[in-house]
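Take a look at the structure below.
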Amino acid sequence: MQLHLVLNGEGALQAQLYRELRQAMQDGRLQEGERMPPSRVLCRELGLSRQLVVQAYERLIAEGFLCARPGSGTFVARLPASEPVSLLPAGVSPGPHWMTQPVWGNGPARRFNFAGGVTEREQLPWQAWRRCLHRAVRDQQAETLLYGEVQGDLRLRLGLVDYLGYSRGLPCSADQLLITQGAQQGLDLLARVRLAPGDCVAMEEPGYPPARAVFEAVGATVIPVPVDEEGLCVDRIPDQARLVYVTPSHQFPLGMPMSLSRRLALLERARATEMLIVEDDYDGEFRFEGRPLEALKRLDHHQQVAYLGSFSKVLHASFRMGYIVMPGGLQAALLQAKSLTDSSSNDLTQRALGYLIQEGDFARHLKRMQRRYASRREKLLAALRGQSALTVLPQMAGLHIAVRTPPVRDLADALIKEDVTAMSLEALYMAEPAMPGVLLGFGALPDDTIEDGVSALARALTR
């Protein structure tokens, strides 16, 4: 065993040796059950008398840190568990309960995988991506900049300008775009620059728990606002709300789009109260019925909307790439917050993604996946129609379907027993009453498991 001990502090050498050995055990440098060096070996290595080492060992044995086994030696004993000292300010809680659970979207994938927010990694345009990545590596070899641009790679931002124009009908400029490490970082940056402890945030009910957690983490008070068939009930937003978080293209999780009248009412409410609207367009590219909806941001003539997007659904969540179309009044603050957070996102990945968009491979991939998911969605809907206990809520877009079910006690356990991964709708409500049901994602659902998966789901709901 090799052990680094420092004996140049205050007090007698025996006391210093005792403190150093005890600290080594508490730090984990000495593990439970580990054999200590014999006293004659340790005294020779440290240049101490053997008596000093024996005295330190005996004191640690008496206090329970070490145990002596005749004929075998001296060993590290079971150490008492220690409670960490809280370093949070008085009155600040450690954070929402969900933050102690597995990361959102990283739960276990069982045989019937209806997990939401997940897509097929194997369907990515790997050959095109490798070509773009190699080109980006050659670019970097010729450059001398230590870090990339805080705002994001210009080529990627220019590509996004075109992409948002043809896919979402959203005109913007490269100067308005900020590249982030996923939509979650975008939410965090917006919360940092807009909210102070005690501020009021309005959120759709039911809504997206990770967004709520971000707002609560900065000390804001989150108020749930109900939704109906037209989307967010704008007249229920508190007058004091500093920020409202909405998913107008495809309400999460229930699926209805926000009507034009509600969109105009929301924009007018924001203008009158100086409220920031955060529009999370998390899967608006995948629309299967009706004409494509324009982004709420397109109607924003007074710079009241921060538009949040990501590549998690179009490509894969592991890319950790998102963006904000910044409102003019927050642009400087957002850039400063981004520079303080991480200086810049991964420049190599950004450059490669810019080439993927520029060369047309990204658009071709998106069209291919739209056809693939449209077919899978139809198969899932057909299977659900055969289950009289399940009511499919209207869905025109996105990679999940919300299904109303009879109330089920211990739904999570029932799903596990049927080897089904799915999310309870009730878990997405802040207040009661909550709609009983499940959220069925189909982004990573193999086609040949759909019918059996729906049958397993039905069995779980009748347990």
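Following the order of the structure tokens, first chain is A, next is B, and so on, with residues numbered from 1 inside each chain and ligands from 1 in the order they appear.
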Tell me, as a list in words, which residues lie within 12 Å of Arg409 in chain A, counting only C-alpha atoms; anything in the same chain fewer than 5 positions away does not count.
->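 The contact residues come out as Ala414, Leu415, Ser424, Glu426, Pro436, Gly437, Ala460, Leu461, Thr462 and Arg463 of chain A.
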How close does each residue of range 190-309 of chain A get to range 357-371 of chain A, giving the shortest atom pair and distance in Å to one decimal for every residue with an atom at most 9 Å away, counting only C-alpha atoms, sorted by chain and residue number, as JSON lines?
```
{"residue": "A:Glu285", "atom": "CA", "partner": "A:Leu366", "partner_atom": "CA", "distance": 8.2}
{"residue": "A:Phe286", "atom": "CA", "partner": "A:Gln370", "partner_atom": "CA", "distance": 6.1}
{"residue": "A:Arg287", "atom": "CA", "partner": "A:Gln370", "partner_atom": "CA", "distance": 8.0}
{"residue": "A:Phe288", "atom": "CA", "partner": "A:Gln370", "partner_atom": "CA", "distance": 8.2}
```
Contacts of Ala220 in chain A within 7 Å, only C-alpha atoms, excl. fewer than 2 positions in-chain, as a ChimeraX atom specification | /A:195-201,215-216,218,222
Go ahead and write the selection's residues with C-alpha atoms as a PDB file, in the first residue's frame.
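To be explicit, this is the file written out as part.pdb:
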```pdb
ATOM      1  CA  LEU A 195     -35.908  36.146 -13.276  1.00  0.00           C
ATOM      2  CA  ALA A 196     -35.061  37.078  -9.709  1.00  0.00           C
ATOM      3  CA  PRO A 197     -35.965  35.163  -6.529  1.00  0.00           C
ATOM      4  CA  GLY A 198     -39.658  35.586  -5.842  1.00  0.00           C
ATOM      5  CA  ASP A 199     -40.654  36.409  -9.430  1.00  0.00           C
ATOM      6  CA  CYS A 200     -43.776  34.760 -10.799  1.00  0.00           C
ATOM      7  CA  VAL A 201     -43.621  32.360 -13.770  1.00  0.00           C
ATOM      8  CA  PHE A 215     -37.471  28.324 -12.934  1.00  0.00           C
ATOM      9  CA  GLU A 216     -37.733  27.045  -9.368  1.00  0.00           C
ATOM     10  CA  VAL A 218     -33.538  30.478  -9.569  1.00  0.00           C
ATOM     11  CA  VAL A 222     -44.260  28.773 -10.713  1.00  0.00           C
TER      12      VAL A 222
END
```
Point out the residue among A:Ala337, A:Ala77, A:Leu390, A:Leu411 with the least atom-to-atom distance to Gly33 in chain A, counting only C-alpha atoms.
-> A:Ala77
Among the residues A:Gly186, A:Pro433, A:Pro327, A:Gly117, the one that comes closest to Gly398 in chain A [using only C-alpha atoms] |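 Among A:Gly186, A:Pro433, A:Pro327, A:Gly117, it is A:Gly117 that comes nearest to Gly398 in chain A.
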